file work33.csv (CSV, C-alpha atoms)
chain,number,residue,atom,x,y,z
A,1,MET,CA,-6.0,-7.2,-17.4
A,2,GLU,CA,-4.2,-3.9,-17.0
A,3,LEU,CA,-6.1,-1.8,-14.5
A,4,LEU,CA,-3.7,1.0,-13.7
A,5,ILE,CA,-1.2,2.4,-16.2
A,6,ALA,CA,1.5,5.1,-15.5
A,7,GLU,CA,3.1,6.5,-18.6
A,8,LYS,CA,6.4,8.5,-18.5
A,9,ILE,CA,5.7,10.1,-15.1
A,10,THR,CA,8.2,12.9,-14.3
A,11,LYS,CA,8.1,14.8,-11.1
A,12,LYS,CA,10.5,17.6,-10.0
A,13,PHE,CA,10.9,19.6,-6.8
A,14,GLU,CA,12.4,22.9,-7.9
A,15,GLN,CA,15.1,21.8,-10.3
A,16,ASP,CA,15.6,18.3,-8.9
A,17,SER,CA,14.0,15.3,-10.7
A,18,VAL,CA,12.6,12.9,-8.1
A,19,LEU,CA,10.9,10.8,-10.8
A,20,GLU,CA,12.1,10.5,-14.3
A,21,ASN,CA,10.0,8.9,-17.1
A,22,ILE,CA,8.4,6.3,-14.8
A,23,SER,CA,6.3,3.8,-16.8
A,24,PHE,CA,4.6,0.7,-15.5
A,25,HIS,CA,1.2,-1.1,-15.2
A,26,VAL,CA,-0.7,-2.9,-12.5
A,27,ASN,CA,-3.0,-5.8,-13.3
A,28,LYS,CA,-6.5,-6.1,-11.8
A,29,GLY,CA,-6.4,-8.1,-8.6
A,30,GLU,CA,-2.6,-7.9,-8.4
A,31,PHE,CA,-0.5,-7.2,-5.3
A,32,LEU,CA,2.4,-5.0,-6.5
A,33,SER,CA,5.2,-3.9,-4.1
A,34,ILE,CA,7.3,-0.8,-4.8
A,35,LEU,CA,10.6,-1.6,-3.1
A,36,GLY,CA,13.4,0.9,-2.5
A,37,PRO,CA,15.4,2.8,0.1
A,38,SER,CA,14.4,6.1,1.6
A,39,GLY,CA,14.7,8.9,-0.9
A,40,CYS,CA,14.4,6.7,-4.0
A,41,GLY,CA,11.1,8.3,-5.1
A,42,LYS,CA,8.6,5.6,-4.1
A,43,THR,CA,6.5,7.7,-1.8
A,44,THR,CA,6.5,10.6,-4.3
A,45,LEU,CA,5.2,8.2,-6.9
A,46,LEU,CA,2.4,7.0,-4.6
A,47,ARG,CA,1.4,10.7,-4.0
A,48,VAL,CA,1.3,11.3,-7.7
A,49,LEU,CA,-0.9,8.2,-8.3
A,50,ILE,CA,-3.4,9.2,-5.6
A,51,GLY,CA,-3.5,12.8,-6.8
A,52,LEU,CA,-1.8,14.5,-3.9
A,53,LEU,CA,1.0,15.7,-6.3
A,54,GLN,CA,0.8,16.6,-10.0
A,55,PRO,CA,3.5,15.4,-12.3
A,56,GLU,CA,5.3,17.7,-14.7
A,57,LYS,CA,4.9,15.2,-17.5
A,58,GLY,CA,3.2,11.9,-18.1
A,59,LYS,CA,-0.3,10.5,-17.5
A,60,ILE,CA,-2.1,8.0,-15.3
A,61,LEU,CA,-4.9,5.7,-16.7
A,62,LEU,CA,-7.3,3.8,-14.5
A,63,ASP,CA,-9.4,1.2,-16.3
A,64,GLY,CA,-8.9,3.1,-19.6
A,65,THR,CA,-9.8,6.6,-18.2
A,66,ASP,CA,-7.1,9.3,-18.0
A,67,ILE,CA,-7.2,10.4,-14.3
A,68,THR,CA,-4.0,12.5,-14.3
A,69,CYS,CA,-5.8,15.7,-13.4
A,70,TYR,CA,-8.6,14.2,-11.3
A,71,PRO,CA,-8.6,15.2,-7.6
A,72,PRO,CA,-7.9,12.4,-5.1
A,73,ASP,CA,-11.6,11.9,-4.2
A,74,LYS,CA,-12.5,11.2,-7.8
A,75,ARG,CA,-9.8,8.6,-8.6
A,76,LYS,CA,-11.5,5.5,-7.1
A,77,MET,CA,-8.4,4.8,-5.0
A,78,GLY,CA,-7.9,4.4,-1.3
A,79,ILE,CA,-4.8,4.9,0.8
A,80,VAL,CA,-3.5,3.4,4.1
A,81,PHE,CA,-0.9,5.5,5.8
A,82,GLN,CA,1.9,4.5,8.1
A,83,ASN,CA,0.5,6.5,11.0
A,84,TYR,CA,-3.0,5.1,10.8
A,85,ALA,CA,-4.7,8.5,10.5
A,86,LEU,CA,-7.6,7.5,12.7
A,87,PHE,CA,-9.9,10.0,14.5
A,88,GLU,CA,-9.0,9.7,18.2
A,89,ASN,CA,-12.4,11.0,19.4
A,90,MET,CA,-14.3,8.3,17.5
A,91,THR,CA,-14.8,4.7,18.3
A,92,VAL,CA,-13.5,2.0,16.0
A,93,LEU,CA,-16.9,1.6,14.4
A,94,LYS,CA,-17.4,5.3,13.9
A,95,ASN,CA,-14.0,5.6,12.3
A,96,VAL,CA,-15.0,3.0,9.7
A,97,GLU,CA,-18.5,4.5,9.3
A,98,TYR,CA,-17.2,8.0,8.7
A,99,ALA,CA,-16.4,7.9,5.0
A,100,LEU,CA,-19.4,5.7,4.3
A,101,LYS,CA,-21.8,8.2,5.7
A,102,ILE,CA,-20.6,11.0,3.3
A,103,CYS,CA,-20.7,8.6,0.3
A,104,ARG,CA,-24.1,8.6,-1.4
A,105,GLU,CA,-23.7,5.0,-2.5
A,106,TYR,CA,-23.1,3.6,1.0
A,107,LYS,CA,-24.8,6.2,3.3
A,108,SER,CA,-28.0,4.2,4.0
A,109,ALA,CA,-26.1,1.0,4.9
A,110,ALA,CA,-23.1,2.6,6.5
A,111,HIS,CA,-23.6,1.0,9.9
A,112,GLN,CA,-24.1,-2.5,8.6
A,113,ARG,CA,-21.2,-2.3,6.1
A,114,ALA,CA,-18.8,-0.9,8.8
A,115,LEU,CA,-19.7,-3.9,11.1
A,116,TYR,CA,-19.1,-6.2,8.2
A,117,MET,CA,-15.7,-4.7,7.4
A,118,LEU,CA,-14.6,-5.0,11.1
A,119,GLU,CA,-15.6,-8.6,11.0
A,120,GLN,CA,-13.4,-9.1,7.9
A,121,VAL,CA,-10.3,-7.8,9.8
A,122,GLY,CA,-11.2,-9.6,13.0
A,123,LEU,CA,-12.1,-6.5,15.1
A,124,THR,CA,-15.8,-7.0,15.8
A,125,GLU,CA,-15.3,-7.1,19.6
A,126,TYR,CA,-13.4,-3.8,19.4
A,127,ALA,CA,-16.1,-1.8,17.7
A,128,GLY,CA,-16.9,0.3,20.7
A,129,LYS,CA,-13.3,1.0,21.7
A,130,TYR,CA,-11.2,4.1,20.9
A,131,PRO,CA,-7.9,4.1,18.9
A,132,ASP,CA,-5.8,4.8,22.0
A,133,GLU,CA,-7.2,1.5,23.5
A,134,LEU,CA,-5.8,-0.6,20.6
A,135,SER,CA,-2.4,-1.9,19.8
A,136,GLY,CA,-0.6,-0.6,16.7
A,137,GLY,CA,-1.5,-3.6,14.7
A,138,GLN,CA,-5.2,-3.3,15.6
A,139,GLN,CA,-5.2,0.4,14.7
A,140,GLN,CA,-3.7,-0.5,11.3
A,141,ARG,CA,-6.5,-3.1,10.8
A,142,VAL,CA,-9.1,-0.4,11.5
A,143,ALA,CA,-7.4,1.8,8.8
A,144,ILE,CA,-7.4,-1.1,6.4
A,145,ALA,CA,-11.1,-1.8,7.1
A,146,ARG,CA,-12.0,1.9,6.6
A,147,THR,CA,-10.3,2.0,3.2
A,148,LEU,CA,-11.7,-1.3,2.0
A,149,ALA,CA,-15.3,-0.2,3.0
A,150,LEU,CA,-15.5,2.1,0.0
A,151,SER,CA,-14.5,-0.6,-2.4
A,152,PRO,CA,-11.8,1.3,-4.2
A,153,ALA,CA,-10.4,0.1,-7.5
A,154,VAL,CA,-6.9,0.3,-6.1
A,155,ILE,CA,-5.6,0.5,-2.5
A,156,LEU,CA,-2.2,2.2,-1.9
A,157,LEU,CA,-0.4,1.3,1.2
A,158,ASP,CA,2.5,3.6,2.4
A,159,GLU,CA,4.9,1.6,4.6
A,160,PRO,CA,1.9,0.5,6.8
A,161,MET,CA,3.9,-1.8,9.0
A,162,SER,CA,7.1,0.1,9.6
A,163,ALA,CA,6.1,1.3,13.1
A,164,LEU,CA,5.1,-2.2,14.2
A,165,ASP,CA,7.1,-4.9,16.0
A,166,ALA,CA,8.2,-8.0,14.2
A,167,ALA,CA,5.5,-10.4,15.5
A,168,THR,CA,2.7,-7.9,14.7
A,169,ARG,CA,4.2,-7.2,11.2
A,170,LEU,CA,4.1,-10.9,10.4
A,171,SER,CA,0.6,-11.4,11.6
A,172,LEU,CA,-0.7,-8.3,9.8
A,173,ARG,CA,1.2,-9.3,6.6
A,174,GLU,CA,-0.7,-12.6,6.5
A,175,GLU,CA,-4.0,-10.9,7.3
A,176,LEU,CA,-3.5,-8.3,4.6
A,177,LYS,CA,-2.7,-10.9,2.0
A,178,ARG,CA,-5.7,-13.0,2.9
A,179,ILE,CA,-8.0,-9.9,2.7
A,180,GLN,CA,-6.5,-9.0,-0.7
A,181,LYS,CA,-7.0,-12.5,-2.1
A,182,GLU,CA,-10.6,-12.8,-0.8
A,183,SER,CA,-11.7,-9.4,-1.9
A,184,GLY,CA,-9.8,-9.4,-5.2
A,185,THR,CA,-8.7,-5.8,-4.5
A,186,THR,CA,-5.7,-4.4,-6.4
A,187,MET,CA,-3.0,-3.3,-4.0
A,188,ILE,CA,0.2,-1.2,-4.4
A,189,TYR,CA,2.4,-1.6,-1.4
A,190,ILE,CA,5.2,0.8,-0.7
A,191,THR,CA,8.1,-0.7,1.4
A,192,HIS,CA,11.8,-0.6,2.0
A,193,ASP,CA,11.8,-4.1,3.4
A,194,GLN,CA,12.9,-6.8,1.0
A,195,GLU,CA,11.6,-9.7,3.1
A,196,GLU,CA,8.1,-8.1,3.3
A,197,ALA,CA,8.0,-7.4,-0.5
A,198,PHE,CA,9.1,-11.0,-1.4
A,199,ALA,CA,6.6,-12.6,1.0
A,200,MET,CA,3.5,-10.7,-0.1
A,201,SER,CA,3.9,-9.7,-3.8
A,202,ASP,CA,2.8,-11.0,-7.1
A,203,ARG,CA,5.3,-8.6,-8.7
A,204,ILE,CA,7.9,-6.2,-7.3
A,205,MET,CA,9.1,-2.9,-8.7
A,206,VAL,CA,12.6,-2.1,-7.5
A,207,MET,CA,13.3,1.6,-7.4
A,208,GLY,CA,16.4,3.6,-6.9
A,209,GLY,CA,17.3,7.2,-7.7
A,210,GLY,CA,13.9,8.0,-9.1
A,211,ALA,CA,14.0,5.3,-11.7
A,212,ILE,CA,12.7,1.7,-12.0
A,213,HIS,CA,15.7,-0.7,-12.0
A,214,GLN,CA,13.6,-3.9,-12.4
A,215,MET,CA,10.1,-5.1,-12.4
A,216,GLY,CA,9.1,-8.8,-12.1
A,217,THR,CA,7.9,-11.6,-10.0
A,218,PRO,CA,9.9,-12.4,-6.8
A,219,GLN,CA,11.3,-15.5,-8.6
A,220,GLU,CA,12.4,-13.5,-11.6
A,221,ILE,CA,14.2,-10.9,-9.5
A,222,LEU,CA,15.9,-13.5,-7.3
A,223,SER,CA,17.1,-15.6,-10.2
A,224,SER,CA,18.0,-12.7,-12.6
A,225,PRO,CA,18.7,-9.4,-11.0
A,226,ALA,CA,18.8,-6.7,-13.7
A,227,ASP,CA,21.9,-4.8,-12.5
A,228,PRO,CA,24.3,-4.3,-9.7
A,229,TYR,CA,21.9,-2.1,-7.8
A,230,VAL,CA,19.3,-4.8,-7.6
A,231,GLN,CA,21.9,-7.4,-6.8
A,232,GLU,CA,23.1,-5.4,-3.8
A,233,PHE,CA,20.0,-3.7,-2.5
A,234,VAL,CA,17.6,-6.6,-2.9
A,235,ILE,CA,19.6,-9.9,-3.0
A,236,GLY,CA,22.4,-8.7,-0.8
A,237,ASN,CA,20.2,-7.3,1.9
A,238,LEU,CA,17.8,-10.3,1.8
A,239,ASN,CA,20.7,-12.7,2.2
A,240,ARG,CA,22.1,-10.7,5.2
A,241,LYS,CA,18.6,-10.8,6.9
A,242,ILE,CA,18.4,-14.5,6.4
A,243,THR,CA,21.9,-15.1,7.8
A,244,SER,CA,21.1,-12.9,10.8
A,245,LEU,CA,17.9,-14.9,11.5
A,246,MET,CA,19.7,-18.2,11.2
A,247,ARG,CA,22.3,-17.0,13.7
A,248,PHE,CA,19.6,-15.8,16.1
A,249,ALA,CA,17.9,-19.2,15.8
A,250,ASP,CA,21.1,-21.0,16.6
A,251,SER,CA,21.9,-18.8,19.7
call {"tool": "encode", "arguments": {"input": "work33.csv", "output": "structure tokens"}}
result
Amino acid sequence: MELLIAEKITKKFEQDSVLENISFHVNKGEFLSILGPSGCGKTTLLRVLIGLLQPEKGKILLDGTDITCYPPDKRKMGIVFQNYALFENMTVLKNVEYALKICREYKSAAHQRALYMLEQVGLTEYAGKYPDELSGGQQQRVAIARTLALSPAVILLDEPMSALDAATRLSLREELKRIQKESGTTMIYITHDQEEAFAMSDRIMVMGGGAIHQMGTPQEILSSPADPYVQEFVIGNLNRKITSLMRFADS
């Protein structure tokens, strides 16, 4: 079932078009990665979806409702940033509780729900610690728990693993996919990393120059790249990474 629909989204900064007639849909419970290099428009698209930017043209539908002009807090979406955006003066538990306490639906059970979410991301024993006492991967888990706690219809993740080391990225990648499957949450994942997108996604949207070059399953993109851009950026870079890993393993 189509949960989120973007229709002909156009976004300009001054006279420059960053997004031009972008149309796509995301199915309920799907993990969609938006894959592209820096400057391709993927983060701008995320900001339009969440309501931090307004498009010049187009509309956004969530579960059949036009939310194009809704403010971010009315869109039933959550976002996980690259830099975690945690409150440094609050414990891990308080960070997760914070949004729950100002939400009428969850206010009375904020403490219990926050503890439950920390259990889901494997951080129960860290509830009383502060963000600067945690590793980068643990801080990102707190950010994910805080976002999941409000049960958003869609979670947007903006390059959440780019600041982490390779081993932590791999561990968190597996954890995030597990959480997504168990919760049935719809996730849109912004990344420039081909390996990450192919390992996690049900479908991948390949972007370049403010346009969608291809959208399909990892298998479809690997077997039938739509154009030379997809062939080089996705397949070429992925092959180079695999070759590099094989050389490292042999050394």
call {"tool": "atom_distance", "arguments": {"input": "work33.csv", "atom1": "atom CA of Leu93 of chain A", "atom2": "atom CA of Gly136 of chain A"}}
result
16.6 Å
call {"tool": "residues_around", "arguments": {"input": "work33.csv", "residues": "segment 176-178 of chain A", "least_positions_apart": "3", "cutoff": "9 Å", "atoms": "all atoms listed in the file", "output": "number ranges by chain"}}
result
A: 31, 121, 141, 144, 171-173, 181-183, 200-201
call {"tool": "closest_atom_pairs", "arguments": {"input": "work33.csv", "of": "segment 112-214 of chain A", "to": "segment 6-26 of chain A", "cutoff": "7 Å", "atoms": "all atoms listed in the file", "output": "tab-separated table"}}
result
residue	atom	partner	partner_atom	distance
A:Gly210	CA	A:Leu19	CA	4.4
A:Ala211	CA	A:Glu20	CA	6.1
A:Ile212	CA	A:Ile22	CA	6.9
call {"tool": "residues_around", "arguments": {"input": "work33.csv", "residues": "Ser33 of chain A", "least_positions_apart": "2", "cutoff": "8 Å", "atoms": "all atoms listed in the file", "output": "number ranges by chain"}}
result
A: 31, 35, 188-191, 197, 201, 203-205
call {"tool": "closest_residue", "arguments": {"input": "work33.csv", "among": "A:Cys40, A:Ala226, A:Leu118, A:Met161", "to": "Ala149 of chain A", "atoms": "only C-alpha atoms"}}
result
A:Leu118
call {"tool": "closest_residue", "arguments": {"input": "work33.csv", "among": "A:Pro71, A:Gly78, A:Gly41, A:Gly51", "to": "Leu150 of chain A", "atoms": "all atoms listed in the file"}}
result
A:Gly78
call {"tool": "decode", "arguments": {"input": "work33.csv", "residues": "segment 173-188 of chain A", "atoms": "all heavy atoms", "output": "CSV table (one decimal), in the first residue's frame"}}
result
chain,number,residue,atom,x,y,z
A,173,ARG,N,23.9,-0.8,11.3
A,173,ARG,CA,23.1,-1.2,10.1
A,173,ARG,C,22.2,-2.4,10.3
A,173,ARG,O,21.0,-2.4,10.0
A,173,ARG,CB,24.0,-1.4,8.9
A,173,ARG,CG,23.4,-1.8,7.6
A,173,ARG,CD,24.4,-2.4,6.6
A,173,ARG,NE,25.5,-1.6,6.4
A,173,ARG,CZ,26.6,-2.0,5.7
A,173,ARG,NH1,26.6,-3.2,5.2
A,173,ARG,NH2,27.5,-1.1,5.4
A,174,GLU,N,22.8,-3.4,10.9
A,174,GLU,CA,22.0,-4.6,11.2
A,174,GLU,C,20.9,-4.4,12.3
A,174,GLU,O,19.8,-4.9,12.2
A,174,GLU,CB,23.0,-5.7,11.7
A,174,GLU,CG,24.0,-6.2,10.6
A,174,GLU,CD,25.0,-7.1,11.2
A,174,GLU,OE1,25.1,-7.3,12.4
A,174,GLU,OE2,25.8,-7.7,10.3
A,175,GLU,N,21.3,-3.5,13.3
A,175,GLU,CA,20.4,-3.2,14.3
A,175,GLU,C,19.2,-2.4,13.8
A,175,GLU,O,18.0,-2.7,14.1
A,175,GLU,CB,21.1,-2.4,15.4
A,175,GLU,CG,20.3,-2.1,16.7
A,175,GLU,CD,20.1,-3.3,17.6
A,175,GLU,OE1,20.8,-4.4,17.3
A,175,GLU,OE2,19.3,-3.3,18.5
A,176,LEU,N,19.5,-1.4,12.9
A,176,LEU,CA,18.4,-0.6,12.4
A,176,LEU,C,17.5,-1.4,11.5
A,176,LEU,O,16.2,-1.2,11.6
A,176,LEU,CB,19.0,0.5,11.5
A,176,LEU,CG,18.1,1.5,10.9
A,176,LEU,CD1,17.3,2.3,12.0
A,176,LEU,CD2,18.8,2.6,10.1
A,177,LYS,N,18.0,-2.3,10.7
A,177,LYS,CA,17.2,-3.1,9.9
A,177,LYS,C,16.3,-4.1,10.7
A,177,LYS,O,15.1,-4.3,10.4
A,177,LYS,CB,18.0,-4.0,8.9
A,177,LYS,CG,17.2,-4.7,7.8
A,177,LYS,CD,16.5,-3.7,6.9
A,177,LYS,CE,15.7,-4.4,5.9
A,177,LYS,NZ,14.8,-3.5,5.1
A,178,ARG,N,16.8,-4.6,11.8
A,178,ARG,CA,16.1,-5.5,12.7
A,178,ARG,C,14.9,-4.7,13.3
A,178,ARG,O,13.8,-5.2,13.3
A,178,ARG,CB,17.0,-6.0,13.8
A,178,ARG,CG,16.2,-6.9,14.8
A,178,ARG,CD,17.0,-7.2,16.1
A,178,ARG,NE,17.4,-6.0,16.8
A,178,ARG,CZ,16.5,-5.4,17.7
A,178,ARG,NH1,15.3,-5.9,17.9
A,178,ARG,NH2,16.9,-4.4,18.4
A,179,ILE,N,15.2,-3.5,13.8
A,179,ILE,CA,14.2,-2.6,14.4
A,179,ILE,C,13.1,-2.3,13.4
A,179,ILE,O,11.9,-2.4,13.7
A,179,ILE,CB,14.8,-1.3,15.0
A,179,ILE,CG1,15.7,-1.7,16.2
A,179,ILE,CG2,13.7,-0.3,15.4
A,179,ILE,CD1,16.6,-0.5,16.6
A,180,GLN,N,13.5,-2.0,12.2
A,180,GLN,CA,12.5,-1.6,11.2
A,180,GLN,C,11.6,-2.8,10.8
A,180,GLN,O,10.4,-2.6,10.7
A,180,GLN,CB,13.3,-1.2,9.9
A,180,GLN,CG,12.4,-0.6,8.8
A,180,GLN,CD,12.0,-1.5,7.7
A,180,GLN,OE1,12.8,-2.5,7.5
A,180,GLN,NE2,10.9,-1.3,7.0
A,181,LYS,N,12.2,-4.0,10.7
A,181,LYS,CA,11.3,-5.2,10.4
A,181,LYS,C,10.4,-5.5,11.6
A,181,LYS,O,9.2,-5.8,11.3
A,181,LYS,CB,12.3,-6.4,10.1
A,181,LYS,CG,12.9,-6.3,8.7
A,181,LYS,CD,13.6,-7.6,8.4
A,181,LYS,CE,14.0,-7.7,7.0
A,181,LYS,NZ,14.7,-9.0,6.7
A,182,GLU,N,10.9,-5.4,12.8
A,182,GLU,CA,10.1,-5.8,13.9
A,182,GLU,C,9.0,-4.8,14.2
A,182,GLU,O,7.9,-5.2,14.6
A,182,GLU,CB,11.0,-6.0,15.2
A,182,GLU,CG,11.9,-7.2,15.1
A,182,GLU,CD,12.7,-7.4,16.4
A,182,GLU,OE1,12.6,-6.5,17.3
A,182,GLU,OE2,13.5,-8.3,16.4
A,183,SER,N,9.3,-3.5,14.0
A,183,SER,CA,8.3,-2.5,14.3
A,183,SER,C,7.3,-2.2,13.1
A,183,SER,O,6.3,-1.7,13.2
A,183,SER,CB,9.0,-1.2,14.6
A,183,SER,OG,9.7,-0.7,13.5
A,184,GLY,N,7.8,-2.6,11.9
A,184,GLY,CA,7.0,-2.4,10.7
A,184,GLY,C,7.0,-0.9,10.2
A,184,GLY,O,6.2,-0.5,9.4
A,185,THR,N,7.9,-0.1,10.8
A,185,THR,CA,8.0,1.3,10.5
A,185,THR,C,8.5,1.5,9.1
A,185,THR,O,9.4,0.9,8.6
A,185,THR,CB,9.0,2.0,11.5
A,185,THR,OG1,8.5,1.7,12.8
A,185,THR,CG2,9.0,3.5,11.3
A,186,THR,N,7.9,2.5,8.4
A,186,THR,CA,8.4,2.9,7.1
A,186,THR,C,9.6,3.9,7.2
A,186,THR,O,9.5,4.8,8.0
A,186,THR,CB,7.2,3.7,6.3
A,186,THR,OG1,6.1,2.8,6.3
A,186,THR,CG2,7.7,4.1,4.9
A,187,MET,N,10.7,3.6,6.5
A,187,MET,CA,11.9,4.4,6.7
A,187,MET,C,12.4,4.8,5.3
A,187,MET,O,12.4,4.1,4.4
A,187,MET,CB,13.0,3.6,7.4
A,187,MET,CG,12.7,3.3,8.9
A,187,MET,SD,14.1,2.6,9.7
A,187,MET,CE,13.5,2.4,11.4
A,188,ILE,N,12.8,6.1,5.3
A,188,ILE,CA,13.5,6.7,4.1
A,188,ILE,C,14.9,7.1,4.6
A,188,ILE,O,15.1,7.9,5.5
A,188,ILE,CB,12.7,7.9,3.6
A,188,ILE,CG1,11.3,7.5,3.2
A,188,ILE,CG2,13.5,8.5,2.4
A,188,ILE,CD1,10.4,8.7,2.8
